[in-house]
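Notes to accompany the following structure.
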Amino acid sequence: MSQTAKKWTRAKDFVGVPKVDDFKLDEETVSLSLKPGEVVTEALYLTVDPYMRGMPFNIGDTMFGEQVARVKVSNNPDFPEGCLVVAPVGWRTLTLVSNPQKPSIFGPLLRRIPDMGDLSPSLALGCLGMPGLTAYFGLLDRGQPKAGEVVLVSAAAGAVGSVVGQIAKIKGCTVIGSAGTKEKCDWVKSLGFDHVFNYKETSVDEALKEFAPNGIDLHFDNVGGDFSYAVLQNHLKTCGRVVMCGAISMYNSTDKLERSAYRFIIYKQLDILGVIVSQYKDRFSEGLEQLLQWVKEGKIKYRETVTEGFERMPEAFISLFQGANIGKAVVKA
């Protein structure tokens, strides 16, 4: 017994901003006759994230990404039919998982979703998933914010930045956020950020001269490029810190970066800290427990931009680079 499933693969290499015809919708046959230990999962929600732009795909590879799935058929007592899991199995509707405990970059291949009460399971891809964990460990473990410090968060309306700013407020910091539309800025302000500016209307130099005249202690960088260059050069305090999380402004560039910030890093003795959430996979339960508590207490608020339909995966992915999402972008299969 088997069933036909759909999957999105790479049809072409990305050149600049990804295009719809860079992807191909294929079909595959998934066996429902399972060996001991095997399960078949069915996608409910799939994530699209900017980092996927830089993944080392080959032509014909299935697009990478996590999904929230329901176990459709099971021959594994640890994953009974109907249970919900998070799995980094890519852009596919059905997946035969032969070894659910197989290690992945995010821990075991299948991870049971904890009881979230009335919350949508899609949050396991957002503030209660990889973006939330990136914010949690990136800010607290790498950035180590202290009460009274000034924290700047770029892409503050995104899945990671919005959580970073709220945790920084919980820790007693003054938080400045940047976003690219009035709607996004209004939402970020509603999250409790002290100051928010639209970087398309107000330059980072103008904004920070007003909001942080004495400088920035910690910059959580999701953007890179000219924005980050200006912060490094003009606004970080001596011995300030930068957590480098993303560089969405540069992902689609076809030119080499012409200017270097290294001299400012040296002159100001800055700590530049990269963050990859997979290094914390052994502590995910710790982070998720705290994030869930903050969400239930109303200390962390969230939004999702939901695209309906598996066939619209490329459209949802491309929209990330057009600034279309507020909060976490997900696709409902």
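Ligands are numbered from 1 in the order shown, chains are lettered A, B, ... in the order of the structure tokens, and residues start at 1 in each chain.
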### Task
Please report, as JSON, numbers by chain, each residue of segment 131-201 of chain A to which DSSP assigns strand (DSSP E) when run on this structure's backbone.
{"A": [150, 151, 152, 153, 174, 175, 176, 177, 178, 179, 195, 196, 197, 198]}
Which polymer residues have any atom within 10 Å of an atom of segment 79-88 of chain A, counting only C-alpha atoms, with same-chain residues fewer than 3 positions away left out, as a tab-separated table (two decimals) with all heavy atoms, in the first residue's frame?
chain	number	residue	atom	x	y	z
A	37	GLY	N	9.56	0.30	13.62
A	37	GLY	CA	10.25	1.55	13.91
A	37	GLY	C	9.92	2.69	12.96
A	37	GLY	O	10.21	3.85	13.26
A	38	GLU	N	9.31	2.37	11.82
A	38	GLU	CA	9.05	3.40	10.82
A	38	GLU	C	7.74	4.13	11.08
A	38	GLU	O	6.80	3.59	11.69
A	38	GLU	CB	9.01	2.79	9.41
A	38	GLU	CG	10.35	2.26	8.93
A	38	GLU	CD	10.30	1.76	7.51
A	38	GLU	OE1	9.21	1.33	7.05
A	38	GLU	OE2	11.35	1.78	6.84
A	39	VAL	N	7.67	5.38	10.59
A	39	VAL	CA	6.43	6.15	10.61
A	39	VAL	C	6.32	6.92	9.31
A	39	VAL	O	7.32	7.17	8.62
A	39	VAL	CB	6.38	7.14	11.80
A	39	VAL	CG1	6.48	6.41	13.13
A	39	VAL	CG2	7.46	8.19	11.69
A	40	VAL	N	5.11	7.30	8.97
A	40	VAL	CA	4.84	8.21	7.86
A	40	VAL	C	4.19	9.46	8.44
A	40	VAL	O	3.19	9.37	9.17
A	40	VAL	CB	3.94	7.59	6.79
A	40	VAL	CG1	3.52	8.64	5.75
A	40	VAL	CG2	4.66	6.45	6.09
A	41	THR	N	4.77	10.62	8.15
A	41	THR	CA	4.23	11.88	8.65
A	41	THR	C	3.57	12.66	7.52
A	41	THR	O	3.99	12.57	6.35
A	41	THR	CB	5.33	12.74	9.28
A	41	THR	OG1	6.33	13.07	8.29
A	41	THR	CG2	5.99	12.00	10.44
A	42	GLU	N	2.58	13.44	7.89
A	42	GLU	CA	1.85	14.28	6.93
A	42	GLU	C	1.98	15.74	7.36
A	42	GLU	O	1.64	16.10	8.49
A	42	GLU	CB	0.38	13.88	6.88
A	42	GLU	CG	-0.44	14.68	5.89
A	42	GLU	CD	-1.87	14.18	5.80
A	42	GLU	OE1	-2.36	13.57	6.78
A	42	GLU	OE2	-2.50	14.38	4.76
A	43	ALA	N	2.46	16.58	6.46
A	43	ALA	CA	2.74	17.98	6.79
A	43	ALA	C	1.45	18.74	7.09
A	43	ALA	O	0.46	18.63	6.37
A	43	ALA	CB	3.47	18.65	5.64
A	44	LEU	N	1.49	19.50	8.17
A	44	LEU	CA	0.40	20.42	8.52
A	44	LEU	C	0.82	21.87	8.27
A	44	LEU	O	0.08	22.65	7.66
A	44	LEU	CB	0.01	20.25	9.99
A	44	LEU	CG	-0.47	18.87	10.42
A	44	LEU	CD1	-0.78	18.88	11.91
A	44	LEU	CD2	-1.69	18.44	9.63
A	45	TYR	N	2.00	22.23	8.74
A	45	TYR	CA	2.57	23.57	8.54
A	45	TYR	C	4.04	23.40	8.16
A	45	TYR	O	4.73	22.54	8.70
A	45	TYR	CB	2.48	24.41	9.81
A	45	TYR	CG	1.09	24.74	10.26
A	45	TYR	CD1	0.43	23.94	11.18
A	45	TYR	CD2	0.43	25.87	9.78
A	45	TYR	CE1	-0.86	24.23	11.61
A	45	TYR	CE2	-0.85	26.18	10.20
A	45	TYR	CZ	-1.49	25.36	11.12
A	45	TYR	OH	-2.76	25.65	11.54
A	46	LEU	N	4.50	24.25	7.24
A	46	LEU	CA	5.89	24.21	6.81
A	46	LEU	C	6.50	25.59	6.97
A	46	LEU	O	5.82	26.61	6.79
A	46	LEU	CB	6.02	23.75	5.36
A	46	LEU	CG	5.44	22.37	5.05
A	46	LEU	CD1	4.05	22.51	4.42
A	46	LEU	CD2	6.36	21.58	4.11
A	47	THR	N	7.76	25.62	7.32
A	47	THR	CA	8.42	26.89	7.53
A	47	THR	C	9.12	27.36	6.26
A	47	THR	O	9.59	26.55	5.44
A	47	THR	CB	9.46	26.79	8.66
A	47	THR	OG1	10.00	28.09	8.92
A	47	THR	CG2	10.60	25.85	8.31
A	64	PHE	N	15.10	22.27	1.69
A	64	PHE	CA	15.27	21.97	3.11
A	64	PHE	C	14.33	22.82	3.95
A	64	PHE	O	13.99	23.94	3.58
A	64	PHE	CB	16.71	22.24	3.54
A	64	PHE	CG	16.95	22.04	5.01
A	64	PHE	CD1	17.12	20.77	5.53
A	64	PHE	CD2	16.98	23.11	5.88
A	64	PHE	CE1	17.34	20.57	6.88
A	64	PHE	CE2	17.20	22.93	7.24
A	64	PHE	CZ	17.37	21.65	7.74
A	65	GLY	N	13.93	22.30	5.09
A	65	GLY	CA	13.16	23.09	6.03
A	65	GLY	C	12.40	22.21	7.01
A	65	GLY	O	12.16	21.03	6.75
A	66	GLU	N	12.04	22.80	8.14
A	66	GLU	CA	11.26	22.08	9.13
A	66	GLU	C	9.77	22.15	8.80
A	66	GLU	O	9.31	23.03	8.08
A	66	GLU	CB	11.48	22.68	10.53
A	66	GLU	CG	12.82	22.37	11.15
A	66	GLU	CD	12.85	22.75	12.61
A	66	GLU	OE1	12.44	23.88	12.94
A	66	GLU	OE2	13.28	21.92	13.43
A	67	GLN	N	9.04	21.21	9.37
A	67	GLN	CA	7.59	21.23	9.27
A	67	GLN	C	6.99	20.69	10.56
A	67	GLN	O	7.63	19.91	11.27
A	67	GLN	CB	7.09	20.41	8.08
A	67	GLN	CG	7.48	18.95	8.10
A	67	GLN	CD	6.86	18.15	6.95
A	67	GLN	OE1	5.99	17.29	7.19
A	67	GLN	NE2	7.31	18.42	5.72
A	68	VAL	N	5.78	21.15	10.85
A	68	VAL	CA	4.96	20.50	11.86
A	68	VAL	C	4.10	19.48	11.13
A	68	VAL	O	3.42	19.81	10.16
A	68	VAL	CB	4.07	21.51	12.60
A	68	VAL	CG1	3.01	20.79	13.43
A	68	VAL	CG2	4.92	22.39	13.51
A	69	ALA	N	4.16	18.24	11.60
A	69	ALA	CA	3.47	17.15	10.90
A	69	ALA	C	2.68	16.29	11.89
A	69	ALA	O	2.98	16.26	13.09
A	69	ALA	CB	4.47	16.28	10.14
A	70	ARG	N	1.69	15.61	11.36
A	70	ARG	CA	0.94	14.62	12.13
A	70	ARG	C	1.40	13.23	11.69
A	70	ARG	O	1.58	12.98	10.50
A	70	ARG	CB	-0.55	14.77	11.90
A	70	ARG	CG	-1.40	13.71	12.63
A	70	ARG	CD	-2.87	13.86	12.33
A	70	ARG	NE	-3.42	15.06	12.93
A	70	ARG	CZ	-3.85	16.12	12.27
A	70	ARG	NH1	-3.78	16.12	10.92
A	70	ARG	NH2	-4.34	17.17	12.89
A	71	VAL	N	1.61	12.36	12.65
A	71	VAL	CA	1.97	10.98	12.30
A	71	VAL	C	0.73	10.31	11.71
A	71	VAL	O	-0.28	10.13	12.40
A	71	VAL	CB	2.49	10.22	13.52
A	71	VAL	CG1	2.72	8.75	13.18
A	71	VAL	CG2	3.80	10.85	14.01
A	72	LYS	N	0.83	9.97	10.43
A	72	LYS	CA	-0.30	9.42	9.68
A	72	LYS	C	-0.41	7.91	9.85
A	72	LYS	O	-1.51	7.36	10.05
A	72	LYS	CB	-0.15	9.79	8.19
A	72	LYS	CG	-1.25	9.28	7.27
A	72	LYS	CD	-0.96	9.68	5.84
A	72	LYS	CE	-2.02	9.18	4.87
A	72	LYS	NZ	-3.32	9.87	5.09
A	73	VAL	N	0.73	7.24	9.74
A	73	VAL	CA	0.80	5.79	9.91
A	73	VAL	C	2.04	5.50	10.75
A	73	VAL	O	3.08	6.13	10.56
A	73	VAL	CB	0.90	5.05	8.55
A	73	VAL	CG1	0.85	3.54	8.76
A	73	VAL	CG2	-0.21	5.49	7.61
A	74	SER	N	1.92	4.56	11.68
A	74	SER	CA	3.04	4.32	12.59
A	74	SER	C	3.23	2.84	12.85
A	74	SER	O	2.27	2.09	13.01
A	74	SER	CB	2.82	5.04	13.92
A	74	SER	OG	3.86	4.74	14.84
A	75	ASN	N	4.51	2.45	12.89
A	75	ASN	CA	4.91	1.14	13.41
A	75	ASN	C	6.00	1.39	14.46
A	75	ASN	O	7.00	0.69	14.51
A	75	ASN	CB	5.41	0.25	12.28
A	75	ASN	CG	5.48	-1.22	12.68
A	75	ASN	OD1	5.13	-1.58	13.82
A	75	ASN	ND2	5.94	-2.07	11.79
A	76	ASN	N	5.76	2.45	15.26
A	76	ASN	CA	6.74	2.87	16.27
A	76	ASN	C	5.97	3.32	17.51
A	76	ASN	O	5.24	4.31	17.46
A	76	ASN	CB	7.59	4.01	15.72
A	76	ASN	CG	8.75	4.38	16.63
A	76	ASN	OD1	8.59	4.48	17.84
A	76	ASN	ND2	9.91	4.62	16.05
A	91	TRP	N	10.44	20.35	2.07
A	91	TRP	CA	9.18	20.79	1.49
A	91	TRP	C	8.49	19.60	0.83
A	91	TRP	O	8.53	19.41	-0.37
A	91	TRP	CB	9.44	21.87	0.45
A	91	TRP	CG	9.99	23.16	0.99
A	91	TRP	CD1	10.46	23.42	2.24
A	91	TRP	CD2	10.15	24.38	0.25
A	91	TRP	NE1	10.90	24.71	2.33
A	91	TRP	CE2	10.72	25.33	1.13
A	91	TRP	CE3	9.87	24.76	-1.05
A	91	TRP	CZ2	11.01	26.63	0.74
A	91	TRP	CZ3	10.16	26.05	-1.46
A	91	TRP	CH2	10.72	26.99	-0.57
A	95	THR	N	6.11	12.02	4.33
A	95	THR	CA	7.50	11.59	4.50
A	95	THR	C	7.54	10.26	5.21
A	95	THR	O	6.94	10.09	6.28
A	95	THR	CB	8.29	12.61	5.33
A	95	THR	OG1	8.16	13.92	4.75
A	95	THR	CG2	9.77	12.23	5.38
A	97	VAL	N	9.68	8.08	7.42
A	97	VAL	CA	10.81	8.25	8.32
A	97	VAL	C	11.18	6.88	8.86
A	97	VAL	O	10.45	6.29	9.66
A	97	VAL	CB	10.47	9.20	9.48
A	97	VAL	CG1	11.67	9.38	10.40
A	97	VAL	CG2	10.01	10.55	8.93
A	100	PRO	N	13.27	7.60	13.29
A	100	PRO	CA	12.90	8.88	13.90
A	100	PRO	C	13.94	9.44	14.85
A	100	PRO	O	13.97	10.65	15.08
A	100	PRO	CB	11.61	8.54	14.65
A	100	PRO	CG	11.05	7.35	13.95
A	100	PRO	CD	12.26	6.56	13.52
A	104	SER	N	19.86	14.90	13.61
A	104	SER	CA	19.84	15.96	12.60
A	104	SER	C	20.49	17.18	13.22
A	104	SER	O	20.91	17.17	14.38
A	104	SER	CB	18.39	16.28	12.18
A	104	SER	OG	17.73	17.03	13.19
A	105	ILE	N	20.57	18.27	12.47
A	105	ILE	CA	21.21	19.46	13.01
A	105	ILE	C	20.40	20.06	14.16
A	105	ILE	O	20.91	20.87	14.93
A	105	ILE	CB	21.43	20.53	11.92
A	105	ILE	CG1	20.11	20.98	11.30
A	105	ILE	CG2	22.37	20.02	10.86
A	105	ILE	CD1	20.28	22.15	10.35
A	106	PHE	N	19.12	19.67	14.29
A	106	PHE	CA	18.27	20.18	15.35
A	106	PHE	C	17.95	19.12	16.40
A	106	PHE	O	16.98	19.25	17.14
A	106	PHE	CB	16.97	20.73	14.78
A	106	PHE	CG	17.16	21.85	13.79
A	106	PHE	CD1	16.53	21.84	12.57
A	106	PHE	CD2	17.99	22.92	14.09
A	106	PHE	CE1	16.71	22.87	11.66
A	106	PHE	CE2	18.17	23.96	13.20
A	106	PHE	CZ	17.53	23.93	11.98
A	107	GLY	N	18.75	18.05	16.47
A	107	GLY	CA	18.46	16.97	17.41
A	107	GLY	C	17.88	15.78	16.68
A	107	GLY	O	18.11	15.58	15.49
A	108	PRO	N	17.08	14.92	17.37
A	108	PRO	CA	16.48	13.77	16.69
A	108	PRO	C	15.63	14.23	15.51
A	108	PRO	O	15.03	15.31	15.52
A	108	PRO	CB	15.61	13.14	17.79
A	108	PRO	CG	16.20	13.62	19.07
A	108	PRO	CD	16.73	14.99	18.80
A	109	LEU	N	15.55	13.37	14.48
A	109	LEU	CA	14.85	13.74	13.26
A	109	LEU	C	13.39	14.10	13.54
A	109	LEU	O	12.86	15.07	12.98
A	109	LEU	CB	14.93	12.60	12.25
A	109	LEU	CG	14.45	12.91	10.83
A	109	LEU	CD1	15.26	14.05	10.22
A	109	LEU	CD2	14.54	11.67	9.95
A	110	LEU	N	12.73	13.32	14.40
A	110	LEU	CA	11.36	13.65	14.81
A	110	LEU	C	11.39	14.07	16.27
A	110	LEU	O	11.96	13.40	17.12
A	110	LEU	CB	10.42	12.46	14.65
A	110	LEU	CG	10.16	11.94	13.24
A	110	LEU	CD1	9.02	10.92	13.26
A	110	LEU	CD2	9.82	13.07	12.27
A	111	ARG	N	10.74	15.20	16.57
A	111	ARG	CA	10.65	15.70	17.94
A	111	ARG	C	9.18	15.91	18.28
A	111	ARG	O	8.49	16.67	17.60
A	111	ARG	CB	11.43	17.01	18.10
A	111	ARG	CG	12.87	16.92	17.61
A	111	ARG	CD	13.69	18.14	18.02
A	111	ARG	NE	13.12	19.41	17.65
A	111	ARG	CZ	13.18	19.95	16.44
A	111	ARG	NH1	13.78	19.29	15.46
A	111	ARG	NH2	12.65	21.14	16.19
A	112	ARG	N	8.71	15.23	19.30
A	112	ARG	CA	7.32	15.39	19.73
A	112	ARG	C	7.09	16.84	20.18
A	112	ARG	O	7.92	17.42	20.87
A	112	ARG	CB	7.00	14.43	20.88
A	112	ARG	CG	6.97	12.96	20.52
A	112	ARG	CD	5.70	12.54	19.83
A	112	ARG	NE	4.54	12.65	20.71
A	112	ARG	CZ	4.08	11.66	21.47
A	112	ARG	NH1	4.70	10.48	21.50
A	112	ARG	NH2	3.00	11.83	22.21
A	113	ILE	N	5.96	17.39	19.80
A	113	ILE	CA	5.61	18.73	20.24
A	113	ILE	C	5.02	18.65	21.64
A	113	ILE	O	4.09	17.87	21.88
A	113	ILE	CB	4.59	19.37	19.27
A	113	ILE	CG1	5.24	19.60	17.90
A	113	ILE	CG2	4.04	20.68	19.82
A	113	ILE	CD1	4.31	20.18	16.87
A	114	PRO	N	5.53	19.44	22.58
A	114	PRO	CA	4.97	19.40	23.93
A	114	PRO	C	3.56	19.96	23.95
A	114	PRO	O	3.13	20.65	23.03
A	114	PRO	CB	5.94	20.30	24.73
A	114	PRO	CG	6.52	21.21	23.71
A	114	PRO	CD	6.63	20.41	22.44
A	115	ASP	N	2.84	19.68	25.00
A	115	ASP	CA	1.47	20.17	25.14
A	115	ASP	C	1.49	21.69	25.20
A	115	ASP	O	2.06	22.29	26.10
A	115	ASP	CB	0.85	19.59	26.40
A	115	ASP	CG	-0.59	20.05	26.60
A	115	ASP	OD1	-1.17	20.62	25.64
A	115	ASP	OD2	-1.14	19.83	27.69
A	121	PRO	N	-0.34	24.63	16.80
A	121	PRO	CA	0.91	23.88	16.67
A	121	PRO	C	1.90	24.55	15.73
A	121	PRO	O	3.09	24.25	15.78
A	121	PRO	CB	0.46	22.52	16.13
A	121	PRO	CG	-0.89	22.75	15.54
A	121	PRO	CD	-1.51	23.84	16.36
A	122	SER	N	1.43	25.48	14.90
A	122	SER	CA	2.35	26.19	14.00
A	122	SER	C	3.38	26.99	14.78
A	122	SER	O	4.46	27.30	14.24
A	122	SER	CB	1.57	27.11	13.07
A	122	SER	OG	0.86	28.09	13.81
A	124	ALA	N	5.28	25.94	16.90
A	124	ALA	CA	6.48	25.11	17.03
A	124	ALA	C	7.46	25.38	15.90
A	124	ALA	O	8.59	24.87	15.92
A	124	ALA	CB	6.11	23.63	17.05
A	125	LEU	N	7.07	26.18	14.91
A	125	LEU	CA	7.98	26.64	13.86
A	125	LEU	C	8.38	28.10	14.06
A	125	LEU	O	9.18	28.63	13.29
A	125	LEU	CB	7.32	26.49	12.49
A	125	LEU	CG	6.93	25.08	12.06
A	125	LEU	CD1	6.18	25.11	10.73
A	125	LEU	CD2	8.16	24.19	11.96
A	129	GLY	N	9.73	27.51	18.53
A	129	GLY	CA	10.52	26.62	17.68
A	129	GLY	C	11.89	27.21	17.42
A	129	GLY	O	12.45	27.95	18.25
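Inside segment 37-181 of chain A, the residues DSSP reads as alpha helix (DSSP H) when given the backbone are Met130, Pro131, Gly132, Leu133, Thr134, Ala135, Tyr136, Phe137, Gly161, Ser162, Val163, Val164, Gly165, Gln166, Ile167, Ala168, Lys169 and Ile170 of chain A.
The closest residue to Gly138 of chain A, picked from A:Ser285, A:Thr174, A:Ser249, A:Asn222 and counting only C-alpha atoms, is A:Asn222.
If you look at atom CA of Asp13 of chain A and atom CA of Asp61 of chain A, they are 11.1 Å away from each other.
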Each residue of segment 51-146 of chain A with at least one atom at most 10 Å from segment 303-325 of chain A should appear once, together with its nearest atom pair and the corresponding distance in Å (one decimal); atoms considered: only C-alpha atoms; ordering: chain, then increasing residue number; output as CSV.
residue,atom,partner,partner_atom,distance
A:Met52,CA,A:Phe317,CA,8.8
A:Arg53,CA,A:Phe317,CA,9.0
A:Met63,CA,A:Pro314,CA,9.8
A:Trp91,CA,A:Met313,CA,7.8
A:Arg92,CA,A:Phe310,CA,8.4
A:Thr93,CA,A:Phe310,CA,7.7
A:Ser122,CA,A:Glu304,CA,8.8
A:Leu123,CA,A:Glu304,CA,8.4
A:Gly126,CA,A:Glu304,CA,8.1
A:Cys127,CA,A:Arg303,CA,9.1
Residues just named, written with N, CA and C atoms as a PDB file, in the first residue's frame:
ATOM      1  N   MET A  52      17.419  29.714   4.241  1.00  0.00           N
ATOM      2  CA  MET A  52      17.332  28.696   3.189  1.00  0.00           C
ATOM      3  C   MET A  52      17.960  29.172   1.887  1.00  0.00           C
ATOM      4  N   ARG A  53      18.010  30.500   1.703  1.00  0.00           N
ATOM      5  CA  ARG A  53      18.605  31.062   0.484  1.00  0.00           C
ATOM      6  C   ARG A  53      20.053  30.624   0.319  1.00  0.00           C
ATOM      7  N   MET A  63      13.856  20.908  -1.314  1.00  0.00           N
ATOM      8  CA  MET A  63      14.133  22.090  -0.513  1.00  0.00           C
ATOM      9  C   MET A  63      14.138  21.725   0.963  1.00  0.00           C
ATOM     10  N   TRP A  91      10.443  20.350   2.074  1.00  0.00           N
ATOM     11  CA  TRP A  91       9.177  20.793   1.492  1.00  0.00           C
ATOM     12  C   TRP A  91       8.487  19.598   0.832  1.00  0.00           C
ATOM     13  N   ARG A  92       7.831  18.781   1.626  1.00  0.00           N
ATOM     14  CA  ARG A  92       7.132  17.604   1.109  1.00  0.00           C
ATOM     15  C   ARG A  92       5.871  17.384   1.935  1.00  0.00           C
ATOM     16  N   THR A  93       4.861  16.777   1.301  1.00  0.00           N
ATOM     17  CA  THR A  93       3.579  16.603   1.977  1.00  0.00           C
ATOM     18  C   THR A  93       3.551  15.339   2.832  1.00  0.00           C
ATOM     19  N   SER A 122       1.429  25.475  14.900  1.00  0.00           N
ATOM     20  CA  SER A 122       2.346  26.186  14.004  1.00  0.00           C
ATOM     21  C   SER A 122       3.384  26.985  14.778  1.00  0.00           C
ATOM     22  N   LEU A 123       3.101  27.314  16.041  1.00  0.00           N
ATOM     23  CA  LEU A 123       4.071  28.065  16.843  1.00  0.00           C
ATOM     24  C   LEU A 123       5.341  27.268  17.084  1.00  0.00           C
ATOM     25  N   GLY A 126       7.819  28.740  15.098  1.00  0.00           N
ATOM     26  CA  GLY A 126       8.052  30.157  15.300  1.00  0.00           C
ATOM     27  C   GLY A 126       8.599  30.458  16.681  1.00  0.00           C
ATOM     28  N   CYS A 127       7.801  31.168  17.500  1.00  0.00           N
ATOM     29  CA  CYS A 127       8.314  31.604  18.794  1.00  0.00           C
ATOM     30  C   CYS A 127       8.538  30.441  19.748  1.00  0.00           C
TER      31      CYS A 127
END
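The list of residues with at least one atom within 8 Å of Tyr199 of chain A, based on only C-alpha atoms and without residues fewer than 2 positions apart in the same chain, reads A:Ser178, A:Ala179, A:Gly180, A:Phe197, A:Glu201, A:Thr202, A:Ser203, A:Val204.
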### Task
Please provide the set of residues having any atom within 10 Å of Lys169 of chain A, restricted to only C-alpha atoms, with same-chain residues fewer than 4 positions apart removed, written as a PyMOL selection string.
chain A and resi 145+147-148+151+163-165+173-175+191-194+299-300
Hey, can you spit out that residue selection with N, CA and C atoms as a JSON list (two decimals), in the first residue's frame?
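Wrote out.json, looks like this:
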[["chain", "number", "residue", "atom", "x", "y", "z"],
["A", 145, "PRO", "N", 22.76, 40.08, 27.87],
["A", 145, "PRO", "CA", 22.31, 41.44, 28.19],
["A", 145, "PRO", "C", 22.21, 41.67, 29.69],
["A", 147, "ALA", "N", 20.66, 44.39, 32.77],
["A", 147, "ALA", "CA", 19.65, 45.41, 33.04],
["A", 147, "ALA", "C", 20.26, 46.80, 32.89],
["A", 148, "GLY", "N", 19.53, 47.67, 32.20],
["A", 148, "GLY", "CA", 19.99, 49.03, 32.00],
["A", 148, "GLY", "C", 20.74, 49.24, 30.70],
["A", 151, "VAL", "N", 19.89, 47.95, 23.82],
["A", 151, "VAL", "CA", 19.98, 46.87, 22.85],
["A", 151, "VAL", "C", 19.28, 47.31, 21.56],
["A", 163, "VAL", "N", 11.09, 38.33, 19.08],
["A", 163, "VAL", "CA", 11.28, 37.62, 20.34],
["A", 163, "VAL", "C", 12.50, 38.15, 21.08],
["A", 164, "VAL", "N", 13.56, 38.45, 20.35],
["A", 164, "VAL", "CA", 14.77, 39.01, 20.96],
["A", 164, "VAL", "C", 14.42, 40.27, 21.76],
["A", 165, "GLY", "N", 13.70, 41.18, 21.13],
["A", 165, "GLY", "CA", 13.38, 42.43, 21.79],
["A", 165, "GLY", "C", 12.55, 42.24, 23.05],
["A", 173, "CYS", "N", 16.32, 45.75, 29.80],
["A", 173, "CYS", "CA", 17.08, 46.59, 28.87],
["A", 173, "CYS", "C", 16.19, 47.64, 28.22],
["A", 174, "THR", "N", 16.82, 48.70, 27.73],
["A", 174, "THR", "CA", 16.18, 49.63, 26.81],
["A", 174, "THR", "C", 16.36, 49.06, 25.41],
["A", 175, "VAL", "N", 15.26, 48.91, 24.68],
["A", 175, "VAL", "CA", 15.31, 48.18, 23.40],
["A", 175, "VAL", "C", 14.86, 49.08, 22.26],
["A", 191, "LEU", "N", 4.77, 45.57, 21.14],
["A", 191, "LEU", "CA", 5.43, 44.50, 21.88],
["A", 191, "LEU", "C", 6.17, 45.01, 23.10],
["A", 192, "GLY", "N", 6.30, 46.32, 23.21],
["A", 192, "GLY", "CA", 6.97, 46.89, 24.38],
["A", 192, "GLY", "C", 8.34, 47.47, 24.09],
["A", 193, "PHE", "N", 8.78, 47.46, 22.81],
["A", 193, "PHE", "CA", 10.05, 48.11, 22.47],
["A", 193, "PHE", "C", 9.98, 49.59, 22.88],
["A", 194, "ASP", "N", 11.08, 50.11, 23.39],
["A", 194, "ASP", "CA", 11.09, 51.52, 23.82],
["A", 194, "ASP", "C", 11.07, 52.48, 22.65],
["A", 299, "LYS", "N", 4.06, 37.60, 28.31],
["A", 299, "LYS", "CA", 5.29, 38.38, 28.24],
["A", 299, "LYS", "C", 5.93, 38.35, 26.86],
["A", 300, "ILE", "N", 5.62, 37.31, 26.09],
["A", 300, "ILE", "CA", 6.05, 37.25, 24.70],
["A", 300, "ILE", "C", 4.80, 37.12, 23.83]]
### Task
Find the residues around Leu133 of chain A up to 9 Å (only C-alpha atoms counted), leave out those fewer than 6 positions away in its own chain, and share them as an MDAnalysis selection string.
chainID A and resid 126:127 160 277 280 284 287:288 291
### Task
Please measure the separation of atom CA of Val150 of chain A and atom CA of Ile176 of chain A, giving the value in Å to one decimal.
7.6 Å
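Taking only C-alpha atoms, the non-local environment of Gly143 of chain A within 10 Å (same-chain residues fewer than 3 positions away omitted) comprises Tyr136, Phe137, Gly138, Leu139, Leu140, Lys146, Val151, Asp217, Leu218, His219, Phe220, Arg241, Val242, Val243, Met244, Asp271, Ile272, Leu273, Gly274 and Val275 of chain A.
Atom CA of Gly132 of chain A is found 25.9 Å from atom CA of Val17 of chain A.
With only C-alpha atoms taken into account, the protein and nucleic acid residues at most 9 Å from Ala247 of chain A (excluding it and anything under 5 positions from it in its own chain) are Pro50, Tyr51, Asp221, Asn222, Val223, Gly224 and Gly225 of chain A.
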